[in-house]
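Engineer: This is the content of data.csv (CSV, C-alpha atoms):
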```
chain,number,residue,atom,x,y,z
I,18,MET,CA,105.9,88.8,84.2
I,19,ILE,CA,107.7,89.9,87.4
I,20,VAL,CA,105.7,90.2,90.6
I,21,ALA,CA,106.7,91.5,93.9
I,22,PHE,CA,104.3,90.6,96.7
I,23,SER,CA,104.0,90.9,100.4
I,24,VAL,CA,101.6,89.0,102.7
I,25,THR,CA,100.7,90.5,106.1
I,26,PRO,CA,98.9,88.3,108.6
I,27,LEU,CA,96.5,90.2,111.0
I,28,GLY,CA,95.3,89.0,114.3
I,29,VAL,CA,98.5,87.1,115.2
I,30,GLY,CA,100.4,89.8,117.0
I,31,GLU,CA,103.1,92.2,115.8
I,32,GLY,CA,105.8,89.6,115.2
I,33,VAL,CA,104.9,87.9,111.9
I,34,ALA,CA,108.0,86.1,110.9
I,35,GLU,CA,106.7,82.6,111.3
I,36,PRO,CA,103.5,83.1,109.3
I,37,VAL,CA,105.3,85.0,106.6
I,38,ALA,CA,107.9,82.2,106.4
I,39,ARG,CA,105.1,79.9,105.4
I,40,ALA,CA,104.5,82.0,102.4
I,41,VAL,CA,108.2,82.2,101.5
I,42,ARG,CA,108.5,78.5,101.8
I,43,VAL,CA,105.7,78.0,99.2
I,44,VAL,CA,107.5,80.3,96.8
I,45,ARG,CA,110.9,78.6,97.2
I,46,GLU,CA,109.4,75.2,96.7
I,47,SER,CA,107.6,76.5,93.5
I,48,GLY,CA,110.8,76.2,91.3
I,49,LEU,CA,110.1,79.7,89.9
I,50,PRO,CA,112.9,82.3,90.0
I,51,ASN,CA,112.5,84.2,93.3
I,52,ARG,CA,114.1,86.4,95.9
I,53,THR,CA,113.0,87.7,99.2
I,54,ASP,CA,114.1,90.9,100.9
I,55,ALA,CA,112.9,92.8,104.0
I,56,MET,CA,109.7,94.1,102.3
I,57,PHE,CA,108.8,91.9,99.3
I,58,THR,CA,109.2,88.5,97.7
I,59,THR,CA,109.8,88.8,93.9
I,60,ILE,CA,108.9,86.0,91.6
I,61,GLU,CA,109.0,85.6,87.8
I,62,GLY,CA,106.9,83.5,85.5
I,63,GLU,CA,103.7,83.4,83.4
I,64,TRP,CA,100.5,84.8,85.0
I,65,ASP,CA,98.9,81.5,85.8
I,66,GLU,CA,101.9,79.9,87.4
I,67,VAL,CA,102.8,83.1,89.4
I,68,MET,CA,99.3,83.6,90.6
I,69,ASP,CA,98.9,80.0,91.6
I,70,VAL,CA,102.0,80.3,93.7
I,71,ILE,CA,100.8,83.5,95.4
I,72,LYS,CA,97.4,81.9,96.0
I,73,ARG,CA,99.0,79.0,97.8
I,74,ALA,CA,101.3,81.3,99.7
I,75,VAL,CA,98.4,83.3,100.9
I,76,ASP,CA,96.5,80.1,101.8
I,77,ALA,CA,99.5,78.9,103.9
I,78,VAL,CA,99.4,82.2,105.9
I,79,ALA,CA,95.6,82.1,106.2
I,80,GLU,CA,95.9,78.7,107.9
I,81,VAL,CA,97.4,80.4,110.9
I,82,ALA,CA,95.9,83.9,110.7
I,83,PRO,CA,92.2,85.0,110.7
I,84,ARG,CA,92.9,87.8,108.2
I,85,VAL,CA,95.5,88.3,105.6
I,86,SER,CA,96.5,91.5,103.7
I,87,LEU,CA,98.2,91.0,100.3
I,88,VAL,CA,100.0,93.7,98.4
I,89,LEU,CA,101.3,93.0,94.9
I,90,LYS,CA,103.0,94.9,92.1
I,91,ALA,CA,103.5,93.3,88.7
I,92,ASP,CA,105.4,94.3,85.6
I,93,LEU,CA,104.0,92.7,82.5
I,94,ARG,CA,105.9,93.0,79.2
I,95,ALA,CA,105.2,90.6,76.3
I,96,GLY,CA,108.2,88.7,75.0
I,97,VAL,CA,110.6,89.7,77.9
I,98,THR,CA,112.1,86.8,79.9
I,99,ASP,CA,114.7,86.6,82.6
I,100,ALA,CA,113.5,90.1,83.6
I,101,MET,CA,114.5,89.9,87.2
I,102,THR,CA,118.1,90.0,86.1
I,103,THR,CA,118.0,92.0,82.9
I,104,LYS,CA,115.8,94.8,84.3
I,105,LEU,CA,118.3,95.5,87.1
I,106,GLU,CA,121.3,95.2,84.7
I,107,SER,CA,119.6,97.7,82.4
I,108,LEU,CA,119.1,100.1,85.4
I,109,GLU,CA,122.7,99.7,86.6
I,110,ARG,CA,124.1,100.6,83.2
I,111,HIS,CA,122.7,104.1,83.8
I,112,LEU,CA,124.3,104.4,87.2
I,113,PRO,CA,127.9,105.4,88.0
G,21,MET,CA,87.9,88.9,99.5
G,22,ILE,CA,88.1,92.6,98.5
G,23,VAL,CA,90.7,93.6,96.0
G,24,ALA,CA,91.7,97.2,95.0
G,25,PHE,CA,93.7,97.2,91.8
G,26,SER,CA,95.2,99.7,89.4
G,27,VAL,CA,96.5,99.1,85.9
G,28,THR,CA,99.0,101.5,84.4
G,29,PRO,CA,99.9,101.2,80.7
G,30,LEU,CA,103.4,102.2,79.7
G,31,GLY,CA,104.5,103.3,76.3
G,32,VAL,CA,101.2,104.9,75.3
G,33,GLY,CA,101.9,108.5,76.4
G,34,GLU,CA,100.9,110.3,79.6
G,35,GLY,CA,97.2,110.3,79.0
G,36,VAL,CA,96.0,106.8,79.8
G,37,ALA,CA,92.2,107.1,80.2
G,38,GLU,CA,91.3,105.1,77.1
G,39,PRO,CA,93.5,102.1,77.9
G,40,VAL,CA,92.4,102.2,81.6
G,41,ALA,CA,88.8,102.3,80.5
G,42,ARG,CA,89.3,99.0,78.8
G,43,ALA,CA,90.1,97.5,82.2
G,44,VAL,CA,87.2,99.1,83.9
G,45,ARG,CA,84.8,97.8,81.3
G,46,VAL,CA,85.9,94.2,81.9
G,47,VAL,CA,85.3,94.7,85.6
G,48,ARG,CA,81.8,96.2,85.1
G,49,GLU,CA,80.8,93.5,82.7
G,50,SER,CA,82.0,90.8,85.3
G,51,GLY,CA,78.9,91.1,87.4
G,52,LEU,CA,81.0,91.3,90.6
G,53,PRO,CA,80.4,94.1,93.1
G,54,ASN,CA,82.8,96.9,92.0
G,55,ARG,CA,83.5,100.6,92.2
G,56,THR,CA,86.2,102.8,90.5
G,57,ASP,CA,87.6,106.0,91.9
G,58,ALA,CA,90.5,108.2,90.7
G,59,MET,CA,93.2,105.8,91.9
G,60,PHE,CA,91.8,102.2,92.2
G,61,THR,CA,89.1,99.9,91.1
G,62,THR,CA,87.7,97.8,94.0
G,63,ILE,CA,86.1,94.4,93.4
G,64,GLU,CA,84.7,91.7,95.7
G,65,GLY,CA,84.5,88.0,95.3
G,66,GLU,CA,86.3,84.7,95.7
G,67,TRP,CA,90.0,84.5,94.7
G,68,ASP,CA,89.5,82.6,91.5
G,69,GLU,CA,86.7,84.8,90.1
G,70,VAL,CA,88.4,88.1,91.2
G,71,MET,CA,91.8,87.1,89.7
G,72,ASP,CA,90.2,85.9,86.5
G,73,VAL,CA,88.5,89.4,86.1
G,74,ILE,CA,91.8,91.2,86.9
G,75,LYS,CA,93.7,89.0,84.4
G,76,ARG,CA,91.2,89.8,81.7
G,77,ALA,CA,91.4,93.5,82.6
G,78,VAL,CA,95.2,93.4,82.3
G,79,ASP,CA,94.9,91.6,79.0
G,80,ALA,CA,92.5,94.2,77.7
G,81,VAL,CA,95.1,96.9,78.5
G,82,ALA,CA,98.0,94.9,77.1
G,83,GLU,CA,96.2,94.7,73.7
G,84,VAL,CA,96.9,98.4,73.3
G,85,ALA,CA,100.1,98.9,75.4
G,86,PRO,CA,103.5,97.2,75.1
G,87,ARG,CA,104.0,97.2,78.9
G,88,VAL,CA,101.5,97.2,81.8
G,89,SER,CA,102.1,97.8,85.5
G,90,LEU,CA,99.6,96.3,88.0
G,91,VAL,CA,99.3,97.3,91.6
G,92,LEU,CA,96.9,95.3,93.8
G,93,LYS,CA,95.9,95.2,97.5
G,94,ALA,CA,93.7,92.5,98.8
G,95,ASP,CA,92.0,91.9,102.1
G,96,LEU,CA,91.2,88.3,102.8
G,97,ARG,CA,89.0,87.3,105.7
G,98,ALA,CA,87.3,83.9,105.8
G,99,GLY,CA,83.6,83.9,106.2
G,100,VAL,CA,83.2,87.7,105.6
G,101,THR,CA,80.9,88.6,102.7
G,102,ASP,CA,79.6,92.0,101.5
G,103,ALA,CA,82.8,93.5,102.9
G,104,MET,CA,82.9,96.4,100.5
G,105,THR,CA,79.9,97.8,102.4
G,106,THR,CA,80.2,96.5,105.9
G,107,LYS,CA,83.9,97.4,106.2
G,108,LEU,CA,83.2,101.0,105.5
G,109,GLU,CA,80.2,101.1,107.8
G,110,SER,CA,82.2,99.6,110.6
G,111,LEU,CA,84.8,102.3,110.0
G,112,GLU,CA,82.2,105.1,109.9
G,113,ARG,CA,80.8,104.0,113.3
G,114,HIS,CA,84.0,105.1,114.9
G,115,LEU,CA,83.9,108.5,113.2
G,116,PRO,CA,82.0,111.6,114.4
T,24,MET,CA,99.1,115.1,93.3
T,25,ILE,CA,96.6,112.5,94.2
T,26,VAL,CA,97.5,109.9,96.8
T,27,ALA,CA,95.6,106.8,97.8
T,28,PHE,CA,96.9,105.3,101.1
T,29,SER,CA,96.0,102.5,103.5
T,30,VAL,CA,97.2,102.1,107.1
T,31,THR,CA,97.2,98.7,108.7
T,32,PRO,CA,97.9,98.3,112.4
T,33,LEU,CA,99.6,95.1,113.5
T,34,GLY,CA,99.5,93.6,117.0
T,35,VAL,CA,96.0,94.8,117.8
T,36,GLY,CA,93.9,91.8,116.6
T,37,GLU,CA,92.1,91.3,113.3
T,38,GLY,CA,89.4,93.9,113.8
T,39,VAL,CA,91.1,97.2,113.0
T,40,ALA,CA,88.3,99.7,112.4
T,41,GLU,CA,88.9,101.8,115.5
T,42,PRO,CA,92.7,102.3,114.9
T,43,VAL,CA,92.0,103.0,111.2
T,44,ALA,CA,89.3,105.5,112.1
T,45,ARG,CA,92.0,107.5,113.9
T,46,ALA,CA,93.8,107.9,110.6
T,47,VAL,CA,90.7,108.8,108.6
T,48,ARG,CA,89.8,111.4,111.3
T,49,VAL,CA,93.2,113.1,110.7
T,50,VAL,CA,92.5,113.2,107.0
T,51,ARG,CA,89.0,114.6,107.3
T,52,GLU,CA,90.2,117.3,109.7
T,53,SER,CA,93.0,118.3,107.3
T,54,GLY,CA,90.7,120.3,105.0
T,55,LEU,CA,92.2,118.6,101.9
T,56,PRO,CA,89.8,116.9,99.3
T,57,ASN,CA,89.5,113.3,100.4
T,58,ARG,CA,87.4,110.2,100.2
T,59,THR,CA,87.6,106.8,101.9
T,60,ASP,CA,86.3,103.5,100.6
T,61,ALA,CA,86.7,99.9,101.8
T,62,MET,CA,90.4,99.7,100.9
T,63,PHE,CA,92.0,103.2,100.6
T,64,THR,CA,91.7,106.8,101.5
T,65,THR,CA,92.4,109.1,98.6
T,66,ILE,CA,93.6,112.7,99.2
T,67,GLU,CA,94.7,115.5,96.9
T,68,GLY,CA,97.1,118.3,97.4
T,69,GLU,CA,100.8,119.3,97.2
T,70,TRP,CA,103.5,116.8,98.2
T,71,ASP,CA,104.3,118.5,101.5
T,72,GLU,CA,100.7,119.0,102.7
T,73,VAL,CA,99.6,115.5,101.7
T,74,MET,CA,102.7,113.8,103.3
T,75,ASP,CA,102.2,115.8,106.4
T,76,VAL,CA,98.6,114.6,106.7
T,77,ILE,CA,99.7,111.0,106.1
T,78,LYS,CA,102.5,111.2,108.7
T,79,ARG,CA,100.0,112.5,111.3
T,80,ALA,CA,97.5,109.8,110.3
T,81,VAL,CA,100.2,107.1,110.7
T,82,ASP,CA,101.2,108.6,114.0
T,83,ALA,CA,97.6,108.5,115.2
T,84,VAL,CA,97.4,104.8,114.5
T,85,ALA,CA,100.9,104.2,116.0
T,86,GLU,CA,99.6,105.6,119.3
T,87,VAL,CA,97.5,102.5,119.7
T,88,ALA,CA,99.5,99.9,117.7
T,89,PRO,CA,103.0,98.6,118.2
T,90,ARG,CA,103.5,98.3,114.4
T,91,VAL,CA,102.0,100.0,111.4
T,92,SER,CA,102.1,99.1,107.7
T,93,LEU,CA,101.5,101.9,105.2
T,94,VAL,CA,100.7,101.3,101.5
T,95,LEU,CA,100.5,104.3,99.3
T,96,LYS,CA,100.1,105.0,95.6
T,97,ALA,CA,100.5,108.5,94.2
T,98,ASP,CA,99.9,110.1,90.8
T,99,LEU,CA,102.0,113.2,90.2
T,100,ARG,CA,101.3,115.4,87.2
T,101,ALA,CA,102.5,118.9,87.1
T,102,GLY,CA,99.9,121.6,86.5
T,103,VAL,CA,96.9,119.3,87.0
T,104,THR,CA,94.5,120.3,89.8
T,105,ASP,CA,91.1,118.9,90.9
T,106,ALA,CA,92.4,115.6,89.6
T,107,MET,CA,90.3,113.4,91.9
T,108,THR,CA,87.2,114.6,90.0
T,109,THR,CA,88.6,115.2,86.5
T,110,LYS,CA,90.5,111.9,86.3
T,111,LEU,CA,87.4,109.9,86.9
T,112,GLU,CA,85.3,112.0,84.5
T,113,SER,CA,88.0,111.5,81.8
T,114,LEU,CA,87.8,107.8,82.4
T,115,GLU,CA,84.0,107.6,82.4
T,116,ARG,CA,83.9,109.4,79.0
T,117,HIS,CA,85.5,106.3,77.5
T,118,LEU,CA,82.9,104.0,79.1
T,119,PRO,CA,79.4,103.2,77.8
Z,28,MET,CA,111.1,102.6,109.4
Z,29,ILE,CA,111.7,100.6,106.2
Z,30,VAL,CA,110.2,101.8,103.0
Z,31,ALA,CA,110.1,100.0,99.6
Z,32,PHE,CA,109.2,102.3,96.8
Z,33,SER,CA,108.9,102.3,93.0
Z,34,VAL,CA,108.7,105.2,90.7
Z,35,THR,CA,107.2,104.8,87.2
Z,36,PRO,CA,107.5,107.6,84.7
Z,37,LEU,CA,104.6,107.9,82.2
Z,38,GLY,CA,104.8,109.6,78.8
Z,39,VAL,CA,108.4,108.6,78.1
Z,40,GLY,CA,107.9,105.3,76.3
Z,41,GLU,CA,108.0,101.7,77.6
Z,42,GLY,CA,111.7,101.6,78.4
Z,43,VAL,CA,112.1,103.5,81.7
Z,44,ALA,CA,115.6,102.5,82.9
Z,45,GLU,CA,117.2,106.0,82.4
Z,46,PRO,CA,114.5,108.0,84.3
Z,47,VAL,CA,114.3,105.3,87.0
Z,48,ALA,CA,118.1,105.4,87.4
Z,49,ARG,CA,117.8,109.1,88.3
Z,50,ALA,CA,115.7,108.1,91.3
Z,51,VAL,CA,118.1,105.4,92.4
Z,52,ARG,CA,121.0,107.8,92.1
Z,53,VAL,CA,119.3,110.1,94.6
Z,54,VAL,CA,118.8,107.2,97.0
Z,55,ARG,CA,122.4,106.0,96.7
Z,56,GLU,CA,123.7,109.5,97.3
Z,57,SER,CA,121.5,109.9,100.4
Z,58,GLY,CA,123.8,107.9,102.7
Z,59,LEU,CA,120.8,105.9,104.0
Z,60,PRO,CA,120.9,102.1,104.0
Z,61,ASN,CA,119.3,101.0,100.7
Z,62,ARG,CA,119.1,98.3,98.1
Z,63,THR,CA,117.4,98.1,94.7
Z,64,ASP,CA,116.0,95.0,93.0
Z,65,ALA,CA,114.0,94.5,89.8
Z,66,MET,CA,110.8,95.9,91.4
Z,67,PHE,CA,111.5,98.2,94.3
Z,68,THR,CA,114.2,100.3,96.1
Z,69,THR,CA,114.2,99.7,99.8
Z,70,ILE,CA,115.5,102.3,102.2
Z,71,GLU,CA,115.7,102.6,106.0
Z,72,GLY,CA,115.6,105.7,108.3
Z,73,GLU,CA,113.4,108.0,110.1
Z,74,TRP,CA,110.2,109.3,108.4
Z,75,ASP,CA,111.4,112.8,107.6
Z,76,GLU,CA,114.8,111.7,106.1
Z,77,VAL,CA,113.3,108.8,104.1
Z,78,MET,CA,110.4,110.9,102.8
Z,79,ASP,CA,112.8,113.7,101.9
Z,80,VAL,CA,114.9,111.2,99.8
Z,81,ILE,CA,111.8,109.8,98.1
Z,82,LYS,CA,110.5,113.3,97.3
Z,83,ARG,CA,113.9,114.2,95.7
Z,84,ALA,CA,113.9,110.9,93.8
Z,85,VAL,CA,110.4,111.6,92.5
Z,86,ASP,CA,111.4,115.1,91.5
Z,87,ALA,CA,114.5,113.8,89.6
Z,88,VAL,CA,112.2,111.6,87.5
Z,89,ALA,CA,109.6,114.3,87.1
Z,90,GLU,CA,112.4,116.5,85.5
Z,91,VAL,CA,112.3,114.1,82.5
Z,92,ALA,CA,108.7,112.8,82.6
Z,93,PRO,CA,105.4,114.6,82.4
Z,94,ARG,CA,103.7,112.2,84.8
Z,95,VAL,CA,105.1,110.0,87.6
Z,96,SER,CA,103.4,107.2,89.5
Z,97,LEU,CA,104.8,106.3,92.9
Z,98,VAL,CA,104.1,103.1,94.9
Z,99,LEU,CA,105.3,102.8,98.4
Z,100,LYS,CA,105.1,100.3,101.2
Z,101,ALA,CA,106.4,101.2,104.7
Z,102,ASP,CA,106.9,99.1,107.8
Z,103,LEU,CA,106.9,101.3,111.0
Z,104,ARG,CA,107.9,99.8,114.3
Z,105,ALA,CA,109.0,102.0,117.2
Z,106,GLY,CA,112.4,101.2,118.6
Z,107,VAL,CA,113.5,98.9,115.9
Z,108,THR,CA,116.7,99.8,114.0
Z,109,ASP,CA,118.7,98.0,111.3
Z,110,ALA,CA,115.4,96.3,110.3
Z,111,MET,CA,116.5,95.7,106.7
Z,112,THR,CA,118.9,93.1,108.0
Z,113,THR,CA,117.3,91.8,111.1
Z,114,LYS,CA,113.8,91.4,109.6
Z,115,LEU,CA,115.2,89.1,106.9
Z,116,GLU,CA,117.3,87.2,109.4
Z,117,SER,CA,114.3,86.7,111.6
Z,118,LEU,CA,112.4,85.3,108.6
Z,119,GLU,CA,115.2,83.0,107.5
Z,120,ARG,CA,115.3,81.5,110.9
Z,121,HIS,CA,111.9,80.0,110.2
Z,122,LEU,CA,113.0,78.5,106.9
Z,123,PRO,CA,114.8,75.3,106.2
```
What would the structure in this file look like if it were written as structure tokens?
Structural biologist:
Amino acid sequence: MIVAFSVTPLGVGEGVAEPVARAVRVVRESGLPNRTDAMFTTIEGEWDEVMDVIKRAVDAVAEVAPRVSLVLKADLRAGVTDAMTTKLESLERHLP
Amino acid sequence: MIVAFSVTPLGVGEGVAEPVARAVRVVRESGLPNRTDAMFTTIEGEWDEVMDVIKRAVDAVAEVAPRVSLVLKADLRAGVTDAMTTKLESLERHLP
Amino acid sequence: MIVAFSVTPLGVGEGVAEPVARAVRVVRESGLPNRTDAMFTTIEGEWDEVMDVIKRAVDAVAEVAPRVSLVLKADLRAGVTDAMTTKLESLERHLP
Amino acid sequence: MIVAFSVTPLGVGEGVAEPVARAVRVVRESGLPNRTDAMFTTIEGEWDEVMDVIKRAVDAVAEVAPRVSLVLKADLRAGVTDAMTTKLESLERHLP
């Protein structure tokens, strides 16, 4: 499955780059395909491995923030792999 | 933590009540505090137990749909319990 | 359409009930069908009226917070009205 | 503000690339800074211009689907511009 998730620390002020970087570091060290943009980190793998990474990412933020908000969107499709790439290619084929 | 989640089956037509009911049934049988409204099912518990319920809810929908979209928002706050009730009470105290 | 939305103020500490209450107040004064639970406020109406309410709700929070995060999920279905009630009833018919 | 949004057409089968491409086309023709990955399209601008683009993107999908689900996450911060770039740069500065 592909999962895009975003972790927001509360109670640490309005600048949250350092706490959020802790989450991204966990994802990058996971070995799973991933990319981070201004709003979400996207990661691909099986449910258990993806959710384990997200749990550890949330925990890494919770070490420095009293409250954490997590938003997640997942796309689950049996038998589809390498979806982070192929899904976008499929979309682009329909665009000029 | 409190989690609100929504499961959307794709590839089964525009009426999705029956597949979605499969997910709600898993939640209600879980024994965790929960409520369902028109857009989300909210559930409260520890990470592992909540995520296990959501995984089984998604699986129940995936049995009848070739593709499933999951959207989830979680509020994690160490040491806070019964948050589904107290959070709303705290909010209402600030309203006329 | 039905929209569930959540407004999170950043830079105001971990307790956010008072700023969030400002958003809920805007919704309740809008006259549109709405309900608020621990995670989301759900509101029903046409795109322009719903989005106008959400904009004013976000603005009310931004008056007291330097940064605001908005999460929103909408269900748009042409010709369906009173969906906040009927959608849930349709779901419950499939449950024991 | 920066907004990441995702439009899911229901009632058109499990392959949704063509309907979703209609939404992305609206965004790309808007002239606003944007990028699309496997899960979300991110766009930056003022509330009214961004929401107008998203409304037209949703409408373009609704022309070919009886039901549309919209998920959106926005980050609103007064006085911050070019956030799609600077936010990610700020994050990367905290990473090895």
Engineer: Set out as a Markdown table a contact list for chain I and segment 46-55 of chain Z with a cut-off of 9 Å, giving each residue of chain I that qualifies its closest atom pair and distance in Å to one decimal, counting all atoms listed in the file, ordered by chain and rising residue number.
Structural biologist:
```
| residue | atom | partner | partner_atom | distance |
| --- | --- | --- | --- | --- |
| I:Leu108 | CA | Z:Ala48 | CA | 5.8 |
| I:Glu109 | CA | Z:Ala48 | CA | 7.4 |
| I:Arg110 | CA | Z:Ala48 | CA | 8.8 |
| I:His111 | CA | Z:Ala48 | CA | 6.0 |
| I:Leu112 | CA | Z:Ala48 | CA | 6.3 |
| I:Pro113 | CA | Z:Arg52 | CA | 8.4 |
```
Engineer: If you keep C-alpha atoms, can you produce a file of those selected residues as a PDB file, in the frame of the given file?
Structural biologist:
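After the write, again29.pdb holds the following:
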```pdb
ATOM      1  CA  LEU I 108     119.100 100.100  85.400  1.00  0.00           C
ATOM      2  CA  GLU I 109     122.700  99.700  86.600  1.00  0.00           C
ATOM      3  CA  ARG I 110     124.100 100.600  83.200  1.00  0.00           C
ATOM      4  CA  HIS I 111     122.700 104.100  83.800  1.00  0.00           C
ATOM      5  CA  LEU I 112     124.300 104.400  87.200  1.00  0.00           C
ATOM      6  CA  PRO I 113     127.900 105.400  88.000  1.00  0.00           C
TER       7      PRO I 113
END
```
Engineer: Using all atoms listed in the file, find the residues of chain Z whose closest atom to chain T is at most 7 Å away, then write them as a PyMOL selection string.
Structural biologist: chain Z and resi 93-105
Engineer: Have a look at atom CA of Met111 of chain Z and atom CA of Ala55 of chain I and let me know their distance in Å, one decimal.
Structural biologist: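 So the two atoms, atom CA of Met111 of chain Z and atom CA of Ala55 of chain I, lie 5.4 Å apart.
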Engineer: Between atom CA of Ala84 of chain Z and atom CA of Asp99 of chain I, what is the distance, to one decimal in Å?
Structural biologist: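 So the answer is 26.8 Å.
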Engineer: State, in Å with one decimal place, the distance from atom CA of Val78 of chain I to atom CA of Arg62 of chain Z.
Structural biologist: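 One can read the atom CA of Val78 of chain I to atom CA of Arg62 of chain Z distance as 26.6 Å.
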Engineer: Taking N, CA and C atoms as the atom set, what does segment 56-74 of chain T look like once completed, written as an mmCIF file, in the frame of the given file?
Structural biologist:
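Result file is part.cif:
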```cif
data_model
loop_
_atom_site.group_PDB
_atom_site.id
_atom_site.type_symbol
_atom_site.label_atom_id
_atom_site.label_comp_id
_atom_site.auth_asym_id
_atom_site.auth_seq_id
_atom_site.Cartn_x
_atom_site.Cartn_y
_atom_site.Cartn_z
ATOM 1 N N PRO T 56 90.827 117.802 99.963
ATOM 2 C CA PRO T 56 89.800 116.900 99.300
ATOM 3 C C PRO T 56 90.178 115.464 99.631
ATOM 4 N N ASN T 57 89.209 114.679 100.055
ATOM 5 C CA ASN T 57 89.500 113.300 100.400
ATOM 6 C C ASN T 57 88.246 112.436 100.298
ATOM 7 N N ARG T 58 88.465 111.157 100.087
ATOM 8 C CA ARG T 58 87.400 110.200 100.200
ATOM 9 C C ARG T 58 87.956 108.834 100.651
ATOM 10 N N THR T 59 87.143 108.101 101.398
ATOM 11 C CA THR T 59 87.600 106.800 101.900
ATOM 12 C C THR T 59 86.624 105.741 101.451
ATOM 13 N N ASP T 60 87.182 104.653 100.931
ATOM 14 C CA ASP T 60 86.300 103.500 100.600
ATOM 15 C C ASP T 60 86.849 102.298 101.424
ATOM 16 N N ALA T 61 86.441 101.106 101.026
ATOM 17 C CA ALA T 61 86.700 99.900 101.800
ATOM 18 C C ALA T 61 88.241 99.592 101.883
ATOM 19 N N MET T 62 89.023 100.117 100.937
ATOM 20 C CA MET T 62 90.400 99.700 100.900
ATOM 21 C C MET T 62 91.415 100.869 101.025
ATOM 22 N N PHE T 63 91.060 102.071 100.562
ATOM 23 C CA PHE T 63 92.000 103.200 100.600
ATOM 24 C C PHE T 63 91.335 104.490 100.921
ATOM 25 N N THR T 64 92.128 105.411 101.432
ATOM 26 C CA THR T 64 91.700 106.800 101.500
ATOM 27 C C THR T 64 92.485 107.600 100.505
ATOM 28 N N THR T 65 91.753 108.358 99.712
ATOM 29 C CA THR T 65 92.400 109.100 98.600
ATOM 30 C C THR T 65 92.342 110.620 99.048
ATOM 31 N N ILE T 66 93.436 111.310 98.771
ATOM 32 C CA ILE T 66 93.600 112.700 99.200
ATOM 33 C C ILE T 66 94.342 113.440 98.127
ATOM 34 N N GLU T 67 94.032 114.723 97.967
ATOM 35 C CA GLU T 67 94.700 115.500 96.900
ATOM 36 C C GLU T 67 95.287 116.776 97.457
ATOM 37 N N GLY T 68 96.467 117.114 96.976
ATOM 38 C CA GLY T 68 97.100 118.300 97.400
ATOM 39 C C GLY T 68 98.577 118.329 96.949
ATOM 40 N N GLU T 69 99.346 119.285 97.463
ATOM 41 C CA GLU T 69 100.800 119.300 97.200
ATOM 42 C C GLU T 69 101.507 118.282 98.002
ATOM 43 N N TRP T 70 102.699 117.879 97.554
ATOM 44 C CA TRP T 70 103.500 116.800 98.200
ATOM 45 C C TRP T 70 103.574 117.094 99.747
ATOM 46 N N ASP T 71 104.032 118.298 100.113
ATOM 47 C CA ASP T 71 104.300 118.500 101.500
ATOM 48 C C ASP T 71 103.047 118.468 102.378
ATOM 49 N N GLU T 72 101.942 119.030 101.887
ATOM 50 C CA GLU T 72 100.700 119.000 102.700
ATOM 51 C C GLU T 72 100.124 117.599 102.771
ATOM 52 N N VAL T 73 100.171 116.876 101.661
ATOM 53 C CA VAL T 73 99.600 115.500 101.700
ATOM 54 C C VAL T 73 100.475 114.618 102.585
ATOM 55 N N MET T 74 101.799 114.703 102.461
ATOM 56 C CA MET T 74 102.700 113.800 103.300
ATOM 57 C C MET T 74 102.598 114.194 104.746
#
```
